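The next block is target.txt, given as compact mmCIF, C-alpha atoms.
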# COMPACT_ATOMS: atom_id res chain seq x y z
CA MET W 1 76.28 123.18 131.88
CA SER W 2 76.12 122.05 135.51
CA GLU W 3 76.05 118.39 136.56
CA TYR W 4 72.49 118.88 137.76
CA ASP W 5 71.32 120.27 134.41
CA HIS W 6 73.14 117.44 132.59
CA ILE W 7 71.25 114.84 134.65
CA ILE W 8 67.95 116.62 133.96
CA GLY W 9 68.70 116.73 130.24
CA MET W 10 69.51 112.99 130.11
CA THR W 11 66.33 112.16 132.01
CA LEU W 12 64.17 114.26 129.73
CA ARG W 13 65.74 112.83 126.55
CA ALA W 14 65.12 109.29 127.78
CA SER W 15 61.57 110.21 128.66
CA CYS W 16 60.97 111.71 125.22
CA ILE W 17 62.05 108.41 123.56
CA GLU W 18 59.52 106.56 125.70
CA ILE W 19 56.86 109.16 124.90
CA ARG W 20 57.34 108.77 121.15
CA TYR W 21 57.06 104.99 121.47
CA ARG W 22 53.89 105.18 123.56
CA ARG W 23 52.29 107.68 121.18
CA SER W 24 53.04 105.43 118.21
CA ILE W 25 50.85 102.67 119.67
CA HIS W 26 48.04 104.93 120.93
CA ASN W 27 44.75 105.07 119.07
CA ASP W 28 42.64 108.16 118.56
CA GLY W 29 40.00 107.26 121.14
CA ASN W 30 41.07 109.85 123.69
CA ALA W 31 41.30 112.55 121.03
CA MET W 32 37.73 111.77 119.99
CA ALA W 33 36.70 112.22 123.62
CA GLY W 34 38.05 115.79 123.64
CA ILE W 35 41.40 115.14 125.35
CA ARG W 36 44.64 116.02 123.66
CA GLU W 37 47.00 113.25 124.75
CA GLU W 38 50.50 114.41 125.55
CA PRO W 39 52.25 111.73 127.65
CA MET W 40 54.63 113.11 130.21
CA PRO W 41 57.77 111.88 131.93
CA ASP W 42 57.38 110.08 135.23
CA ARG W 43 55.10 112.37 137.25
CA ALA W 44 56.99 112.40 140.58
CA THR W 45 60.43 112.89 139.03
CA SER W 46 59.12 115.46 136.55
CA VAL W 47 57.45 117.53 139.26
CA LEU W 48 60.71 117.67 141.25
CA HIS W 49 62.62 118.72 138.14
CA ILE W 50 60.04 121.37 137.33
CA PHE W 51 60.27 122.79 140.85
CA LEU W 52 64.08 122.93 140.83
CA ILE W 53 64.25 124.52 137.39
CA PHE W 54 61.74 127.21 138.30
CA LEU W 55 63.38 127.73 141.69
CA ARG W 56 66.62 128.64 139.91
CA LEU W 57 64.68 131.02 137.67
CA GLY W 58 62.97 132.51 140.71
CA LEU W 59 66.36 133.21 142.28
CA THR W 60 67.92 134.79 139.19
CA SER W 61 65.15 136.37 137.06
CA PHE W 62 65.48 140.11 137.62
CA GLY W 63 63.99 142.77 135.39
CA GLY W 64 60.20 142.40 135.44
CA PRO W 65 57.68 140.40 133.41
CA VAL W 66 59.12 141.14 129.96
CA ALA W 67 62.55 139.99 131.11
CA HIS W 68 60.98 136.91 132.72
CA LEU W 69 59.46 135.94 129.38
CA GLY W 70 62.91 136.22 127.85
CA TYR W 71 64.41 133.97 130.53
CA PHE W 72 61.61 131.44 129.99
CA ARG W 73 62.14 131.37 126.24
CA GLU W 74 65.87 130.80 126.67
CA GLU W 75 65.27 128.02 129.22
CA PHE W 76 62.31 126.15 127.73
CA VAL W 77 62.48 126.87 123.99
CA ALA W 78 66.15 127.37 123.16
CA ARG W 79 67.76 125.19 125.81
CA ARG W 80 65.36 122.42 126.88
CA LYS W 81 63.14 122.46 123.76
CA TRP W 82 60.00 121.79 125.76
CA LEU W 83 58.09 124.09 123.38
CA SER W 84 58.58 125.34 119.84
CA ASP W 85 58.95 129.07 119.21
CA HIS W 86 55.46 129.22 117.71
CA ALA W 87 53.89 127.35 120.62
CA TYR W 88 55.67 129.64 123.09
CA ALA W 89 54.51 132.75 121.22
CA ASP W 90 50.96 131.41 121.25
CA LEU W 91 51.13 130.77 124.99
CA VAL W 92 52.49 134.27 125.65
CA ALA W 93 49.67 135.74 123.54
CA LEU W 94 47.08 133.93 125.66
CA CYS W 95 48.61 135.06 128.95
CA GLN W 96 48.79 138.64 127.71
CA PHE W 97 45.05 138.46 127.01
CA LEU W 98 44.25 137.15 130.50
CA PRO W 99 44.16 139.32 133.62
CA GLY W 100 46.85 138.55 136.16
CA PRO W 101 50.67 138.21 136.17
CA ALA W 102 51.52 137.22 132.58
CA SER W 103 54.98 135.79 133.23
CA SER W 104 53.77 133.70 136.18
CA GLN W 105 50.88 132.42 134.08
CA VAL W 106 53.28 131.37 131.32
CA GLY W 107 55.30 129.48 133.94
CA ILE W 108 52.16 127.85 135.36
CA ALA W 109 51.13 126.74 131.87
CA ILE W 110 54.56 125.26 131.11
CA GLY W 111 54.43 123.34 134.39
CA LEU W 112 50.92 122.17 133.47
CA PHE W 113 52.12 120.89 130.08
CA ARG W 114 55.02 118.95 131.59
CA GLY W 115 53.57 117.63 134.84
CA GLY W 116 49.84 118.21 134.94
CA LEU W 117 48.33 120.08 137.89
CA PRO W 118 51.17 119.07 140.27
CA GLY W 119 53.64 120.41 137.70
CA ALA W 120 51.73 123.70 137.50
CA LEU W 121 51.88 124.04 141.29
CA ALA W 122 55.59 123.15 141.33
CA SER W 123 56.46 125.73 138.67
CA TRP W 124 54.55 128.48 140.48
CA LEU W 125 56.02 127.59 143.87
CA GLY W 126 59.59 127.50 142.58
CA PHE W 127 59.31 130.80 140.72
CA THR W 128 57.41 132.64 143.47
CA LEU W 129 58.97 131.40 146.72
CA PRO W 130 62.30 133.34 146.71
CA SER W 131 60.84 136.83 146.27
CA ALA W 132 57.82 136.12 148.49
CA VAL W 133 60.04 135.03 151.39
CA ALA W 134 62.40 137.98 150.89
CA LEU W 135 59.58 140.55 150.88
CA ALA W 136 57.83 138.99 153.88
CA LEU W 137 61.11 139.16 155.80
CA PHE W 138 61.53 142.80 154.79
CA ALA W 139 58.02 143.55 156.09
CA LEU W 140 58.79 141.89 159.43
CA VAL W 141 62.02 143.87 159.78
CA LEU W 142 60.27 147.11 158.83
CA THR W 143 57.44 146.42 161.28
CA GLY W 144 59.94 145.79 164.04
CA LEU W 145 61.95 148.94 163.34
CA GLY W 146 59.04 151.26 162.55
CA THR W 147 58.90 153.50 159.50
CA GLU W 148 60.37 156.42 161.45
CA ALA W 149 63.52 154.57 162.49
CA HIS W 150 65.25 154.82 159.12
CA GLY W 151 63.28 157.47 157.27
CA GLY W 152 66.08 158.30 154.83
CA TRP W 153 66.48 154.98 153.08
CA LEU W 154 62.75 154.26 153.26
CA HIS W 155 62.11 157.53 151.45
CA GLY W 156 64.74 156.46 148.92
CA LEU W 157 62.69 153.34 148.22
CA LYS W 158 59.64 155.52 147.59
CA VAL W 159 61.63 157.76 145.23
CA VAL W 160 63.01 154.81 143.26
CA ALA W 161 59.43 153.56 142.86
CA VAL W 162 58.82 156.74 140.81
CA ALA W 163 61.61 155.75 138.42
CA VAL W 164 60.43 152.15 138.19
CA VAL W 165 56.82 153.07 137.39
CA ALA W 166 58.05 155.68 134.89
CA GLN W 167 60.14 152.96 133.22
CA ALA W 168 57.09 150.70 133.03
CA LEU W 169 55.05 153.55 131.51
CA TRP W 170 57.81 154.25 129.01
CA GLY W 171 57.95 150.66 127.77
CA MET W 172 54.24 149.88 127.93
CA GLY W 173 53.28 153.15 126.25
CA ARG W 174 55.56 152.47 123.31
CA ASN W 175 54.31 148.90 122.88
CA LEU W 176 50.63 149.21 123.73
CA CYS W 177 49.84 152.77 122.60
CA PRO W 178 51.89 153.25 119.40
CA ASP W 179 49.21 155.26 117.56
CA ARG W 180 47.07 158.30 118.33
CA GLU W 181 43.88 156.28 118.84
CA ARG W 182 45.27 154.09 121.60
CA ALA W 183 47.21 156.98 123.13
CA SER W 184 43.94 158.91 123.32
CA VAL W 185 42.26 155.98 125.07
CA ALA W 186 45.11 155.83 127.59
CA VAL W 187 44.95 159.54 128.42
CA ALA W 188 41.16 159.46 128.72
CA VAL W 189 41.38 156.49 131.08
CA ALA W 190 44.00 158.27 133.20
CA VAL W 191 41.70 161.27 133.59
CA LEU W 192 38.69 159.10 134.46
CA ALA W 193 40.66 156.96 136.90
CA GLY W 194 41.78 160.10 138.71
CA ALA W 195 38.21 161.42 138.85
CA ILE W 196 36.66 158.09 139.96
CA PRO W 197 38.88 156.70 142.72
CA GLY W 198 38.61 153.19 144.09
CA VAL W 199 38.49 149.69 142.69
CA LEU W 200 35.11 150.08 140.96
CA GLY W 201 36.37 153.06 138.99
CA GLN W 202 39.53 151.21 137.97
CA VAL W 203 37.64 148.12 136.84
CA GLY W 204 35.10 150.32 135.08
CA VAL W 205 37.71 152.10 132.95
CA ILE W 206 39.24 148.76 131.93
CA VAL W 207 35.82 147.53 130.80
CA ALA W 208 35.24 150.83 129.01
CA GLY W 209 38.60 150.46 127.26
CA GLY W 210 37.55 147.04 126.01
CA VAL W 211 34.26 148.43 124.66
CA VAL W 212 36.04 151.32 122.92
CA GLY W 213 38.54 148.90 121.42
CA TRP W 214 35.77 146.63 120.17
CA LEU W 215 33.94 149.55 118.53
CA TRP W 216 36.84 151.69 117.32
CA LEU W 217 40.18 149.92 117.09
CA SER W 218 41.46 147.26 114.73
CA PRO W 219 44.50 144.94 115.01
CA GLN W 220 47.33 145.36 112.52
CA GLY W 221 48.02 141.66 112.22
CA SER W 222 47.04 138.24 113.49
CA LEU W 223 48.51 136.44 116.48
CA PRO W 224 51.03 133.61 115.95
CA HIS W 225 49.44 130.19 116.04
CA SER W 226 50.53 126.75 117.17
CA HIS W 227 48.74 123.94 118.95
CA LEU W 228 49.51 123.68 122.64
CA PRO W 229 49.80 120.32 124.48
CA VAL W 230 46.69 120.83 126.61
CA ARG W 231 45.39 117.72 128.40
CA LEU W 232 42.10 119.20 129.60
CA ARG W 233 38.55 119.04 128.24
CA LYS W 234 36.78 122.20 127.16
CA ARG W 235 34.05 121.35 129.68
CA THR W 236 36.64 121.33 132.46
CA GLY W 237 37.94 124.68 131.31
CA ALA W 238 34.47 126.20 131.29
CA LEU W 239 33.76 124.95 134.81
CA VAL W 240 37.05 126.32 136.15
CA LEU W 241 36.40 129.72 134.56
CA ALA W 242 32.90 129.74 136.05
CA ALA W 243 34.39 129.04 139.50
CA CYS W 244 36.93 131.84 139.03
CA PHE W 245 34.23 134.42 138.27
CA ALA W 246 31.84 133.07 140.92
CA LEU W 247 34.46 133.71 143.59
CA LEU W 248 34.47 137.40 142.62
CA PHE W 249 30.89 137.59 143.94
CA LEU W 250 30.94 134.96 146.69
CA LEU W 251 34.07 136.14 148.51
CA PRO W 252 32.87 139.74 149.14
CA ALA W 253 29.55 138.44 150.48
CA ALA W 254 31.28 135.93 152.75
CA ALA W 255 33.78 138.54 153.99
CA THR W 256 31.00 141.03 154.77
CA GLN W 257 28.76 138.55 156.56
CA SER W 258 31.51 136.92 158.61
CA GLY W 259 33.36 140.10 159.58
CA SER W 260 36.55 138.03 159.41
CA TYR W 261 39.66 140.02 158.53
CA ALA W 262 41.27 136.90 157.05
CA LEU W 263 38.38 136.60 154.59
CA GLN W 264 38.50 140.33 153.85
CA LEU W 265 42.23 140.05 153.15
CA PHE W 266 41.72 137.03 150.89
CA ASP W 267 38.86 138.74 149.06
CA SER W 268 40.82 141.96 148.45
CA PHE W 269 43.87 140.22 147.05
CA TYR W 270 41.82 137.75 145.02
CA ARG W 271 40.02 140.64 143.29
CA ALA W 272 43.32 142.40 142.63
CA GLY W 273 44.73 139.25 141.03
CA ALA W 274 41.59 138.61 139.01
CA LEU W 275 40.98 142.12 137.65
CA VAL W 276 44.39 143.55 136.79
CA PHE W 277 45.52 143.54 133.17
CA GLY W 278 49.06 144.32 132.13
CA GLY W 279 51.27 142.65 134.70
CA GLY W 280 52.93 143.51 137.96
CA HIS W 281 53.19 147.30 137.92
CA VAL W 282 49.51 147.76 137.08
CA VAL W 283 48.49 145.94 140.28
CA LEU W 284 49.88 148.91 142.24
CA PRO W 285 46.71 151.09 142.11
CA LEU W 286 44.41 148.16 142.81
CA LEU W 287 46.36 147.07 145.88
CA GLN W 288 46.78 150.63 147.09
CA ALA W 289 43.01 151.11 146.94
CA GLU W 290 42.49 147.90 148.92
CA VAL W 291 45.00 148.25 151.77
CA VAL W 292 45.71 151.95 152.34
CA PRO W 293 42.20 153.48 152.84
CA PRO W 294 41.22 150.91 155.53
CA ARG W 295 44.64 151.52 157.17
CA TRP W 296 45.78 147.92 156.88
CA VAL W 297 49.10 149.34 155.64
CA SER W 298 50.19 152.98 155.79
CA GLU W 299 50.91 154.79 152.51
CA ASP W 300 54.58 155.27 153.48
CA ALA W 301 55.00 151.56 154.23
CA PHE W 302 53.13 150.69 151.02
CA LEU W 303 55.46 152.69 148.78
CA ALA W 304 58.58 151.61 150.69
CA GLY W 305 57.62 147.98 150.13
CA TYR W 306 56.89 148.62 146.47
CA GLY W 307 60.36 150.08 146.10
CA ALA W 308 61.90 147.09 147.87
CA ALA W 309 59.99 144.74 145.55
CA GLN W 310 62.13 146.05 142.68
CA ALA W 311 65.27 144.69 144.34
CA VAL W 312 64.19 141.04 144.34
CA PRO W 313 63.91 138.61 141.42
CA GLY W 314 60.75 136.83 140.40
CA PRO W 315 57.18 138.10 139.88
CA LEU W 316 56.20 141.54 141.17
CA PHE W 317 52.90 140.12 142.42
CA THR W 318 54.86 138.78 145.40
CA PHE W 319 54.51 142.35 146.70
CA ALA W 320 51.33 140.84 148.17
CA ALA W 321 53.46 138.84 150.61
CA TYR W 322 54.95 142.08 151.92
CA LEU W 323 51.51 143.68 152.35
CA GLY W 324 50.08 140.64 154.11
CA ALA W 325 53.03 140.44 156.47
CA ALA W 326 53.06 144.20 157.20
CA SER W 327 49.32 144.41 157.89
CA SER W 328 48.19 146.19 161.05
CA GLN W 329 45.41 143.61 161.46
CA SER W 330 45.61 139.92 162.34
CA PRO W 331 46.58 137.65 160.64
CA SER W 332 49.81 139.39 159.71
CA GLY W 333 53.41 138.19 159.64
CA TRP W 334 54.02 134.87 157.92
CA LEU W 335 50.37 133.82 158.05
CA GLY W 336 49.19 137.12 156.57
CA ALA W 337 51.84 136.82 153.85
CA GLY W 338 50.65 133.29 153.03
CA VAL W 339 46.98 134.33 152.80
CA ALA W 340 47.77 137.32 150.58
CA ILE W 341 50.10 135.45 148.23
CA ALA W 342 47.69 132.52 147.83
CA ALA W 343 44.77 134.86 147.15
CA ILE W 344 46.48 137.05 144.56
CA PHE W 345 47.82 134.10 142.54
CA LEU W 346 44.72 131.87 142.75
CA PRO W 347 42.99 133.66 139.82
CA ALA W 348 46.12 133.14 137.70
CA PHE W 349 45.84 129.38 138.25
CA LEU W 350 42.13 129.26 137.56
CA LEU W 351 42.33 131.46 134.46
CA VAL W 352 45.19 129.50 132.89
CA ILE W 353 43.60 126.12 133.59
CA GLY W 354 40.23 127.37 132.39
CA ALA W 355 41.33 129.31 129.33
CA LEU W 356 43.84 126.91 127.76
CA PRO W 357 41.26 124.35 126.52
CA LEU W 358 39.07 127.15 125.10
CA TRP W 359 41.81 129.29 123.58
CA GLU W 360 41.81 127.72 120.13
CA GLY W 361 38.17 128.60 119.55
CA VAL W 362 38.33 132.30 120.48
CA ARG W 363 41.85 133.58 119.89
CA HIS W 364 41.30 134.48 116.23
CA HIS W 365 37.93 136.14 116.75
CA PRO W 366 38.24 139.75 115.46
CA ALA W 367 36.03 141.20 118.20
CA MET W 368 38.26 139.67 120.90
CA GLN W 369 41.40 141.12 119.35
CA ARG W 370 39.85 144.59 119.00
CA ALA W 371 38.63 144.56 122.61
CA MET W 372 42.05 143.56 123.93
CA LEU W 373 43.68 146.48 122.09
CA GLY W 374 41.42 148.79 124.06
CA VAL W 375 42.03 146.95 127.34
CA ASN W 376 45.80 147.20 126.86
CA ALA W 377 45.56 150.95 126.19
CA ALA W 378 43.36 151.34 129.28
CA VAL W 379 46.02 149.56 131.33
CA VAL W 380 48.56 152.20 130.32
CA GLY W 381 46.14 154.95 131.33
CA LEU W 382 45.50 153.31 134.68
CA LEU W 383 49.23 153.12 135.35
CA LEU W 384 49.61 156.77 134.29
CA ALA W 385 47.01 157.80 136.88
CA ALA W 386 48.78 155.77 139.59
CA PHE W 387 52.11 157.30 138.56
CA TYR W 388 50.79 160.71 139.57
CA ASP W 389 48.89 159.65 142.70
CA PRO W 390 50.12 158.08 144.92
CA VAL W 391 53.59 157.39 143.47
CA TRP W 392 54.70 160.91 142.49
CA THR W 393 52.75 162.94 145.06
CA SER W 394 54.01 160.83 147.98
CA ALA W 395 57.67 160.62 146.96
CA ILE W 396 58.72 163.80 145.14
CA LEU W 397 58.72 166.40 147.90
CA SER W 398 61.83 168.43 147.04
CA PRO W 399 64.29 169.15 144.21
CA ALA W 400 66.60 166.53 145.72
CA ASP W 401 63.86 163.91 145.38
CA PHE W 402 63.31 164.85 141.75
CA THR W 403 67.06 164.64 141.06
CA LEU W 404 67.31 161.20 142.63
CA ALA W 405 64.26 159.92 140.72
CA ALA W 406 65.59 161.30 137.42
CA ALA W 407 68.98 159.70 138.03
CA ALA W 408 67.36 156.35 138.84
CA PHE W 409 65.26 156.55 135.65
CA LEU W 410 68.40 157.29 133.63
CA LEU W 411 70.22 154.30 135.12
CA LEU W 412 67.27 151.96 134.52
CA VAL W 413 66.25 153.00 131.01
CA PHE W 414 69.41 154.17 129.30
CA TRP W 415 72.30 152.63 131.25
CA LYS W 416 70.35 149.36 131.60
CA LEU W 417 71.51 148.72 135.16
CA PRO W 418 69.67 145.88 136.96
CA PRO W 419 66.72 147.15 139.03
CA TRP W 420 68.02 145.67 142.28
CA LEU W 421 71.25 147.67 141.96
CA VAL W 422 69.39 150.92 141.25
CA VAL W 423 67.16 150.30 144.28
CA VAL W 424 70.15 149.74 146.55
CA LEU W 425 71.95 152.84 145.23
CA ALA W 426 68.85 155.03 145.68
CA ALA W 427 68.22 153.77 149.21
CA LEU W 428 71.86 154.35 150.22
CA THR W 429 71.92 157.80 148.62
CA ALA W 430 68.74 158.88 150.40
CA GLY W 431 69.90 157.28 153.66
CA VAL W 432 73.12 159.31 153.66
CA GLY W 433 71.36 162.48 152.52
CA TRP W 434 68.70 162.37 155.24
CA GLN W 435 71.05 161.74 158.14
Go ahead and render the structure in this file as structure tokens.
Amino acid sequence: MSEYDHIIGMTLRASCIEIRYRRSIHNDGNAMAGIREEPMPDRATSVLHIFLIFLRLGLTSFGGPVAHLGYFREEFVARRKWLSDHAYADLVALCQFLPGPASSQVGIAIGLFRGGLPGALASWLGFTLPSAVALALFALVLTGLGTEAHGGWLHGLKVVAVAVVAQALWGMGRNLCPDRERASVAVAVAVLAGAIPGVLGQVGVIVAGGVVGWLWLSPQGSLPHSHLPVRLRKRTGALVLAACFALLFLLPAAATQSGSYALQLFDSFYRAGALVFGGGHVVLPLLQAEVVPPRWVSEDAFLAGYGAAQAVPGPLFTFAAYLGAASSQSPSGWLGAGVAIAAIFLPAFLLVIGALPLWEGVRHHPAMQRAMLGVNAAVVGLLLAAFYDPVWTSAILSPADFTLAAAAFLLLVFWKLPPWLVVVLAALTAGVGWQ
């Protein structure tokens, strides 16, 4: 254990003693008012600690959202004991139900528990900043060089994206479509998504999956349960959720009326963050539909950036920083990256803050659980459609491409090599081969 972690541990233990004392003399007045009291350590110190802890995780958490959840459990359940195993499982269940980046939402919620709204912001900033900065820098370098300057290694990044999406399909299909009913939903959604291109078609098949799940599917068991230390009223949660959904209608109208590209950029990434279920890889088709047809980003640059996103730690939603920085319109560069990253993560904040106070009342409802089974299967189908077009059709152009993609899939799935290493190897192999 480092000296820094030792100091943090001593501070938190001392704070916990004070918390227990304060709670012992508290009456139930606040609980009667609808607030679950959970005193925290000193706010300013706690927020700094939260930021530094999540910054370290943001620098070292490779492997995608499932791996991130494992890192979080080790850090906050096993090591720091901020949450019990049951409370952590309950939190993960909620974030899996919500649209948006599940691992980032778990981190936001943990920051919210420990430091209130400033703690939530600190946890998100620490976990997101490293990969967002790295991808924005990559976009600036790529823009300066041009996509034709180093076609070999850029094509290698597109090929490795095939392996990464195939790995995501492999894992998600096994977990979310383990029976013939849900597998059938996934295949049907893939066919429909291919026949109805665009964001409306993608959102429509997700809604249809939820309806099919509600009418046809049934959960095999109940979700784990434990009370979460939420310090928000249900009324506050309802208002925040209302604001989240209102923005889905207000932002497109404002972007259309103003003609401002900055508003159009914010609107596109906000909708992608608000409507994607299933985590980082599933945002690929939504973002592709938003930025490639209007020529904000070329398809080659889009897939090259998506491949590069596998080589950095932290949440895959930081791919938005790359797209904002690489945009052919203004704002681009650092400002474009900032607009895109703020827009795509804003729904995650609003949904977590809004849903946590209401979660206890709805999480055990059978209709909700059935609908989410269908939504999860639809997510797999949506990713399957994106795997074919644009990922496969744009990258696999020769037997050599197929060989490289198959080798990368083998290294990722069966040899368990870290994604960043596979990305580097594929880029170098393609760079040498295309000289």
Of the candidates W:Ala78, W:Val159, W:Leu140, W:Pro347, which one gets nearest to Ala406 of chain W if we count only C-alpha atoms?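 For Ala406 of chain W, the nearest of the given residues is W:Val159.
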Contacts of Ala136 of chain W within 6 Å, all atoms listed in the file, excl. fewer than 2 positions in-chain, as a ChimeraX atom specification: /W:133-134,138-139,321-322,325
Let's have the selection written as a PDB file, in the coordinates of the input, with C-alpha atoms.
ATOM      1  CA  VAL W 133      60.040 135.030 151.390  1.00  0.00           C
ATOM      2  CA  ALA W 134      62.400 137.980 150.890  1.00  0.00           C
ATOM      3  CA  PHE W 138      61.530 142.800 154.790  1.00  0.00           C
ATOM      4  CA  ALA W 139      58.020 143.550 156.090  1.00  0.00           C
ATOM      5  CA  ALA W 321      53.460 138.840 150.610  1.00  0.00           C
ATOM      6  CA  TYR W 322      54.950 142.080 151.920  1.00  0.00           C
ATOM      7  CA  ALA W 325      53.030 140.440 156.470  1.00  0.00           C
TER       8      ALA W 325
END
Adding 6 Å on each side of the box along x, y and z that holds all listed atoms of segment 85-102 of chain W, could you give its centre and edge lengths in Å to one decimal, as JSON?
{"center_x": 51.6, "center_y": 133.3, "center_z": 126.9, "size_x": 26.8, "size_y": 24.0, "size_z": 30.5}
Taking all atoms listed in the file into account, name the residue in W:Gln202, W:Ser123, W:Thr236, W:Ser258 that is nearest to Val282 of chain W.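 Going through W:Gln202, W:Ser123, W:Thr236, W:Ser258 one by one, the smallest distance to Val282 of chain W is for W:Gln202.
Summary of the local environment: counting only C-alpha atoms, residues at most 12 Å from Ser330 of chain W, other than itself and those fewer than 6 positions away along its chain, are Ser260, Tyr261, Ala262, Leu263, Gln264, Leu265, Trp296, Gly324, Gly336, Ala337 and Val339 of chain W.
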